[in-house]
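Visitor: So that we are looking at the same thing, I have put the structure below in structure tokens.
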Amino acid sequence: MAMSGSTAAVNAESSGANNVPDAEDRPTARVVLASGDDQDADDRDDDETGDAVPDGDDEDDEDILENYPDETTELDLWDMRITSLAPLRLQRFADHLTRLVLRKNLIKELDPEIFQALSKLEHLDLYDNKIKHVGDALSNLTSLEHLDLSFNVLREIPETLSRLTALKIVFFVQNRISHITGFQGLGETLTSLELGANRIRRIEGLDALVNLKELWLGKNKITRIENLDNLKQLTILSLQSNRITKIENLEKLENLEQLLLSHNGIERLEGLGHNMKLKMLDVGSNFIPAIENVSHLTSLEDLWLGGNKIPDLQTLEPQLRHISTLQTIYLEGNPCQKTEGTSYMRKIRLAVPQLTQIDATYL
């Protein structure tokens, strides 16, 4: 449920300010959880991924931005094998620069002298570098609204994050973070937090985030749903690919619209009595033996139950027929698909006639 772009990079041949990308060409900063083909942060060594810049390509010694005026407001420096920011002389843009994108480079360290000068930054994207520590480098960025530090080698959330009091959206996907800390000062502004693909074992440290709307914690090592009571504005909760065995402690999340719990160890469909606004429920690839306890979810549009232990279709009609909003259901990969054989699709349609999609088939 995340995306990225890759079209608008400044290259070494840029010859003037007219090469700054138009707004419509800028890449988005939403990210995707690593697929099975991507290298997992757990398997990378700190010194991997090509420290050395190819011989003869002395980009660190040149200022590739020399023809850009000091009044430049946006810089998109994609995939340029940048290892040091010093030659770019970013401080000269300090009075005007609001957006800085440094995706897919080889940056290991953030120089406080450089970043503390860039106090007008609103958008900072450091996705896919080799950053191990942030330190105090970002502590002066009090106008920053969007921060992406995904696909680095951070072992902890920067302590200075709480000083960024304008922050709205934060991404730490695919790092080595094991504890959720550092969000105490962000309760008024933070609306989206992405911590997928880390080493987190417990949901904690979120009590201050009373205005958070999206929480992404997929692909961690979380064993229990807990400590979410203060997040009353939450509309999206993603806990896919964890170690959760029970749906619980969601009573206070009455504004929840999307609950994503696929690829866990959940043994029963339950615990949703107060989540009346749910539109999407994904509990695919668990150990659920029956369709139950969802008849009250009268706003439901998508129900994903594929890859569970459901033996038959007997409860479809009493649980779902009256939910007029329901459009999509996934049941493939359950024993009922094999049991019903060629009657599988027909029986689902008869039981829940308002459906427009069954599994991957549009009706």
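We label chains A, B, ... in the order they appear in the structure tokens, count residues from 1 in each chain, and number ligands from 1 in the order shown.
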Give the alpha helix (DSSP H) residues of range 219-351 of chain A, as DSSP finds them on the backbone, and put them as a list in words.
Guide: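 Secondary structure check on range 219-351 of chain A, alpha helix (DSSP H): Leu316, Glu317, Pro318, Gln319, Leu320, Pro335, Cys336, Gln337, Lys338, Thr339, Glu340, Tyr344, Met345, Arg346, Lys347, Ile348, Arg349, Leu350 and Ala351 of chain A.
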Visitor: Skipping near chain neighbours, those fewer than 3 positions away, what residues fall within 8 Å of Gly307 in chain A using only C-alpha atoms, listed as a list in words?
Guide: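 Answer for this query is Gly284, Ser285, Asn286, Leu331, Glu332, Gly333 and Asn334 of chain A.
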Visitor: Of the candidates A:Leu147, A:Leu100, A:Leu316, A:Ile177, which shows the shortest atom-to-atom distance to His133 in chain A, using only C-alpha atoms?
Guide: A:Ile177
Visitor: Which residues, written as a list in words, have at least one atom at most 12 Å from Glu71 in chain A, with only C-alpha atoms counted and residues fewer than 6 positions away on the same chain left out?
Guide: Ala17, Val20, Leu90, Gln91, Arg92, Phe93, Ala94, Asp95, His96, Leu97 and Thr98 of chain A
Visitor: Keeping C-alpha atoms, export the residues of the selection given above as a PDB file, in the first residue's frame.
Guide:
ATOM      1  CA  ALA A  17      18.246  26.197 -13.170  1.00  0.00           C
ATOM      2  CA  VAL A  20      14.877  21.665 -11.982  1.00  0.00           C
ATOM      3  CA  LEU A  90      23.941  22.997  -0.077  1.00  0.00           C
ATOM      4  CA  GLN A  91      24.184  25.768   2.496  1.00  0.00           C
ATOM      5  CA  ARG A  92      24.022  28.383  -0.245  1.00  0.00           C
ATOM      6  CA  PHE A  93      20.418  27.347  -0.925  1.00  0.00           C
ATOM      7  CA  ALA A  94      19.451  27.722   2.746  1.00  0.00           C
ATOM      8  CA  ASP A  95      17.203  30.773   2.359  1.00  0.00           C
ATOM      9  CA  HIS A  96      14.977  29.138  -0.259  1.00  0.00           C
ATOM     10  CA  LEU A  97      15.359  25.335  -0.337  1.00  0.00           C
ATOM     11  CA  THR A  98      12.178  23.533   0.807  1.00  0.00           C
TER      12      THR A  98
END
Visitor: Give me the residues near Pro87 in chain A as an mmCIF file with N, CA and C atoms, in the first residue's frame, where near means some atom within 6 Å (using only C-alpha atoms) and where sequence neighbours in that chain fewer than 2 positions away do not count.
Guide:
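Result file is out_29.cif:
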data_model
loop_
_atom_site.group_PDB
_atom_site.id
_atom_site.type_symbol
_atom_site.label_atom_id
_atom_site.label_comp_id
_atom_site.auth_asym_id
_atom_site.auth_seq_id
_atom_site.Cartn_x
_atom_site.Cartn_y
_atom_site.Cartn_z
ATOM 1 N N ASP A 63 31.198 20.145 -7.881
ATOM 2 C CA ASP A 63 29.904 20.672 -7.477
ATOM 3 C C ASP A 63 28.972 20.562 -8.669
ATOM 4 N N LEU A 85 28.159 15.111 0.875
ATOM 5 C CA LEU A 85 27.357 16.271 0.480
ATOM 6 C C LEU A 85 28.162 17.569 0.472
ATOM 7 N N ARG A 89 27.758 22.077 -1.662
ATOM 8 C CA ARG A 89 27.565 23.420 -1.079
ATOM 9 C C ARG A 89 26.078 23.746 -0.888
#
Visitor: Considering only C-alpha atoms, tabulate each residue of range 89-159 of chain A that lies at most 9 Å from range 75-79 of chain A along with its nearest interatomic pair and the corresponding distance in Å to one decimal; arrange the rows by chain and ascending residue number and present them as JSON lines.
Guide:
{"residue": "A:Leu97", "atom": "CA", "partner": "A:Leu75", "partner_atom": "CA", "distance": 7.8}
{"residue": "A:Thr98", "atom": "CA", "partner": "A:Leu75", "partner_atom": "CA", "distance": 8.7}
{"residue": "A:Arg99", "atom": "CA", "partner": "A:Leu75", "partner_atom": "CA", "distance": 6.3}
{"residue": "A:Leu100", "atom": "CA", "partner": "A:Leu75", "partner_atom": "CA", "distance": 5.0}
{"residue": "A:Val101", "atom": "CA", "partner": "A:Asp76", "partner_atom": "CA", "distance": 4.6}
{"residue": "A:Leu102", "atom": "CA", "partner": "A:Leu77", "partner_atom": "CA", "distance": 5.0}
{"residue": "A:Arg103", "atom": "CA", "partner": "A:Trp78", "partner_atom": "CA", "distance": 5.1}
{"residue": "A:Lys104", "atom": "CA", "partner": "A:Asp79", "partner_atom": "CA", "distance": 4.6}
{"residue": "A:Asn105", "atom": "CA", "partner": "A:Asp79", "partner_atom": "CA", "distance": 5.2}
{"residue": "A:Leu106", "atom": "CA", "partner": "A:Asp79", "partner_atom": "CA", "distance": 8.7}
Visitor: Store the residues of this selection in a file with N, CA and C atoms, as a PDB file, in the first residue's frame.
Guide:
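Okay, this is what ended up in part-v7.pdb:
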ATOM      1  N   LEU A  97      15.571  26.756  -0.085  1.00  0.00           N
ATOM      2  CA  LEU A  97      15.359  25.335  -0.337  1.00  0.00           C
ATOM      3  C   LEU A  97      14.303  24.745   0.599  1.00  0.00           C
ATOM      4  N   THR A  98      13.237  24.165   0.015  1.00  0.00           N
ATOM      5  CA  THR A  98      12.178  23.533   0.807  1.00  0.00           C
ATOM      6  C   THR A  98      12.082  22.034   0.557  1.00  0.00           C
ATOM      7  N   ARG A  99      12.643  21.553  -0.535  1.00  0.00           N
ATOM      8  CA  ARG A  99      12.540  20.125  -0.871  1.00  0.00           C
ATOM      9  C   ARG A  99      13.902  19.606  -1.316  1.00  0.00           C
ATOM     10  N   LEU A 100      14.386  18.560  -0.657  1.00  0.00           N
ATOM     11  CA  LEU A 100      15.671  17.955  -0.994  1.00  0.00           C
ATOM     12  C   LEU A 100      15.507  16.445  -1.059  1.00  0.00           C
ATOM     13  N   VAL A 101      15.756  15.886  -2.237  1.00  0.00           N
ATOM     14  CA  VAL A 101      15.646  14.451  -2.460  1.00  0.00           C
ATOM     15  C   VAL A 101      17.023  13.888  -2.791  1.00  0.00           C
ATOM     16  N   LEU A 102      17.486  12.937  -1.991  1.00  0.00           N
ATOM     17  CA  LEU A 102      18.813  12.328  -2.152  1.00  0.00           C
ATOM     18  C   LEU A 102      18.691  10.805  -2.205  1.00  0.00           C
ATOM     19  N   ARG A 103      17.667  10.326  -2.875  1.00  0.00           N
ATOM     20  CA  ARG A 103      17.395   8.885  -2.947  1.00  0.00           C
ATOM     21  C   ARG A 103      18.480   8.117  -3.686  1.00  0.00           C
ATOM     22  N   LYS A 104      18.678   6.870  -3.243  1.00  0.00           N
ATOM     23  CA  LYS A 104      19.510   5.905  -3.955  1.00  0.00           C
ATOM     24  C   LYS A 104      20.918   6.443  -4.204  1.00  0.00           C
ATOM     25  N   ASN A 105      21.549   6.888  -3.131  1.00  0.00           N
ATOM     26  CA  ASN A 105      22.938   7.296  -3.203  1.00  0.00           C
ATOM     27  C   ASN A 105      23.756   6.441  -2.230  1.00  0.00           C
ATOM     28  N   LEU A 106      24.940   6.912  -1.859  1.00  0.00           N
ATOM     29  CA  LEU A 106      25.835   6.141  -0.997  1.00  0.00           C
ATOM     30  C   LEU A 106      26.207   6.932   0.254  1.00  0.00           C
TER      31      LEU A 106
END
Visitor: What is the distance between CA of Asp148 in chain A and CA of Asp125 in chain A, in Å to one decimal?
Guide: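 Result for CA of Asp148 in chain A versus CA of Asp125 in chain A: 4.7 Å, one decimal.
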Visitor: Tell me, in Å to one decimal, how far CA of Leu193 in chain A is from CA of Thr165 in chain A.
Guide: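 If I compute the distance from CA of Leu193 in chain A to CA of Thr165 in chain A, I get 14.6 Å.
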Visitor: Nearest to Lys347 in chain A: which of A:Leu234, A:Val294, A:Leu141, A:Leu313 is it, counting only C-alpha atoms?
Guide: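 For Lys347 in chain A, the nearest of the given residues is A:Leu313.
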Visitor: Please extract the residues of range 26-226 of chain A with a backbone DSSP assignment of strand (DSSP E or B) and present them as a VMD selection string.
Guide: chain A and resid 74 to 76 99 to 101 123 to 125 146 to 148 169 to 171 192 to 194 214 to 216
Visitor: For Asp111 in chain A, work out the shell of residues within 12 Å, counting only C-alpha atoms and skipping chain neighbours fewer than 2 positions away, then give it as a ChimeraX atom specification.
Guide: /A:83-86,89-91,107-109,113-118,131,133-139
Visitor: Go ahead and write the residues just picked, N, CA, C and O atoms, as a compact mmCIF listing (two decimals), in the first residue's frame.
Guide:
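File produced: out17.txt:
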# COMPACT_ATOMS: atom_id res chain seq x y z
N THR A 83 28.51 10.23 -2.22
CA THR A 83 28.98 9.74 -0.92
C THR A 83 29.15 10.86 0.09
O THR A 83 29.03 10.65 1.29
N SER A 84 29.42 12.07 -0.39
CA SER A 84 29.61 13.22 0.49
C SER A 84 28.79 14.39 -0.04
O SER A 84 28.75 14.64 -1.25
N LEU A 85 28.16 15.11 0.88
CA LEU A 85 27.36 16.27 0.48
C LEU A 85 28.16 17.57 0.47
O LEU A 85 27.71 18.57 -0.07
N ALA A 86 29.36 17.53 1.05
CA ALA A 86 30.15 18.76 1.17
C ALA A 86 30.39 19.46 -0.16
O ALA A 86 30.23 20.68 -0.26
N ARG A 89 27.76 22.08 -1.66
CA ARG A 89 27.56 23.42 -1.08
C ARG A 89 26.08 23.75 -0.89
O ARG A 89 25.59 24.79 -1.30
N LEU A 90 25.39 22.83 -0.25
CA LEU A 90 23.94 23.00 -0.08
C LEU A 90 23.58 24.20 0.78
O LEU A 90 22.47 24.75 0.66
N GLN A 91 24.50 24.65 1.61
CA GLN A 91 24.18 25.77 2.50
C GLN A 91 23.82 27.04 1.72
O GLN A 91 23.07 27.88 2.23
N ILE A 107 25.28 7.74 0.72
CA ILE A 107 25.54 8.62 1.86
C ILE A 107 25.55 7.80 3.15
O ILE A 107 24.62 7.06 3.44
N LYS A 108 26.62 7.97 3.94
CA LYS A 108 26.74 7.26 5.21
C LYS A 108 26.47 8.16 6.40
O LYS A 108 25.98 7.70 7.43
N GLU A 109 26.82 9.43 6.28
CA GLU A 109 26.72 10.35 7.40
C GLU A 109 26.00 11.62 6.99
O GLU A 109 26.07 12.04 5.83
N GLU A 113 26.54 20.48 10.18
CA GLU A 113 26.80 21.83 9.69
C GLU A 113 26.00 22.13 8.42
O GLU A 113 25.53 23.25 8.21
N ILE A 114 25.82 21.11 7.60
CA ILE A 114 25.05 21.29 6.35
C ILE A 114 23.56 21.36 6.65
O ILE A 114 22.87 22.30 6.24
N PHE A 115 23.04 20.38 7.37
CA PHE A 115 21.59 20.28 7.52
C PHE A 115 21.02 21.32 8.49
O PHE A 115 19.89 21.78 8.31
N GLN A 116 21.79 21.73 9.48
CA GLN A 116 21.25 22.73 10.39
C GLN A 116 21.10 24.08 9.72
O GLN A 116 20.30 24.91 10.16
N ALA A 117 21.80 24.28 8.63
CA ALA A 117 21.63 25.52 7.86
C ALA A 117 20.36 25.51 7.03
O ALA A 117 19.81 26.56 6.70
N LEU A 118 19.85 24.31 6.71
CA LEU A 118 18.71 24.19 5.80
C LEU A 118 17.39 24.22 6.58
O LEU A 118 16.54 23.33 6.46
N ILE A 131 22.97 5.17 5.72
CA ILE A 131 23.04 5.97 6.93
C ILE A 131 22.87 5.09 8.17
O ILE A 131 21.89 4.36 8.29
N HIS A 133 23.66 6.51 11.50
CA HIS A 133 23.31 7.40 12.60
C HIS A 133 22.89 8.75 12.04
O HIS A 133 23.43 9.22 11.05
N VAL A 134 21.93 9.38 12.72
CA VAL A 134 21.50 10.72 12.33
C VAL A 134 22.07 11.77 13.27
O VAL A 134 22.40 12.88 12.87
N GLY A 135 22.20 11.41 14.55
CA GLY A 135 22.75 12.35 15.52
C GLY A 135 21.91 13.61 15.63
O GLY A 135 20.68 13.57 15.60
N ASP A 136 22.57 14.76 15.70
CA ASP A 136 21.88 16.05 15.81
C ASP A 136 21.69 16.75 14.47
O ASP A 136 21.27 17.90 14.44
N ALA A 137 21.99 16.06 13.39
CA ALA A 137 22.02 16.71 12.09
C ALA A 137 20.69 17.36 11.72
O ALA A 137 20.67 18.42 11.09
N LEU A 138 19.57 16.76 12.12
CA LEU A 138 18.27 17.27 11.67
C LEU A 138 17.56 18.11 12.72
O LEU A 138 16.43 18.54 12.51
N SER A 139 18.21 18.37 13.84
CA SER A 139 17.54 18.98 14.98
C SER A 139 17.04 20.39 14.72
O SER A 139 16.15 20.88 15.44
Visitor: Would you pick out the contacts of range 251-265 of chain A at 9 Å or less, using only C-alpha atoms, so that residues sharing its chain but fewer than 6 positions from it are not included, and give the list as a PyMOL selection string?
Guide: chain A and resi 213+218+228-245+271-288+299-300+304-305
Visitor: For Met345 in chain A, list every protein, DNA or RNA residue within 12 Å, evaluated using only C-alpha atoms, and leave out those in the same chain fewer than 4 positions away; present the list as a list of chain:residue names.
Guide: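 So, after excluding close chain neighbours, the residues are A:Leu313, A:Ile329, A:Tyr330, A:Leu331, A:Glu332, A:Cys336, A:Gln337, A:Lys338, A:Thr339, A:Glu340, A:Gly341, A:Arg349, A:Leu350, A:Ala351, A:Val352, A:Pro353, A:Leu355, A:Gln357, A:Ile358, A:Asp359, A:Ala360, A:Thr361, A:Tyr362, A:Leu363.
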Visitor: For CA of Gln174 in chain A and CA of Gly306 in chain A, quote the distance in Å rounded to one decimal.
Guide: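 Spanning CA of Gln174 in chain A to CA of Gly306 in chain A is a straight-line distance of 26.5 Å.
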Visitor: Identify which of the residues A:Leu215, A:Ile64, A:Ile310, A:Ala208 lies closest to Met80 in chain A, counting only C-alpha atoms when measuring atom-to-atom distances.
Guide: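 Smallest separation from Met80 in chain A among the options: A:Ile64.
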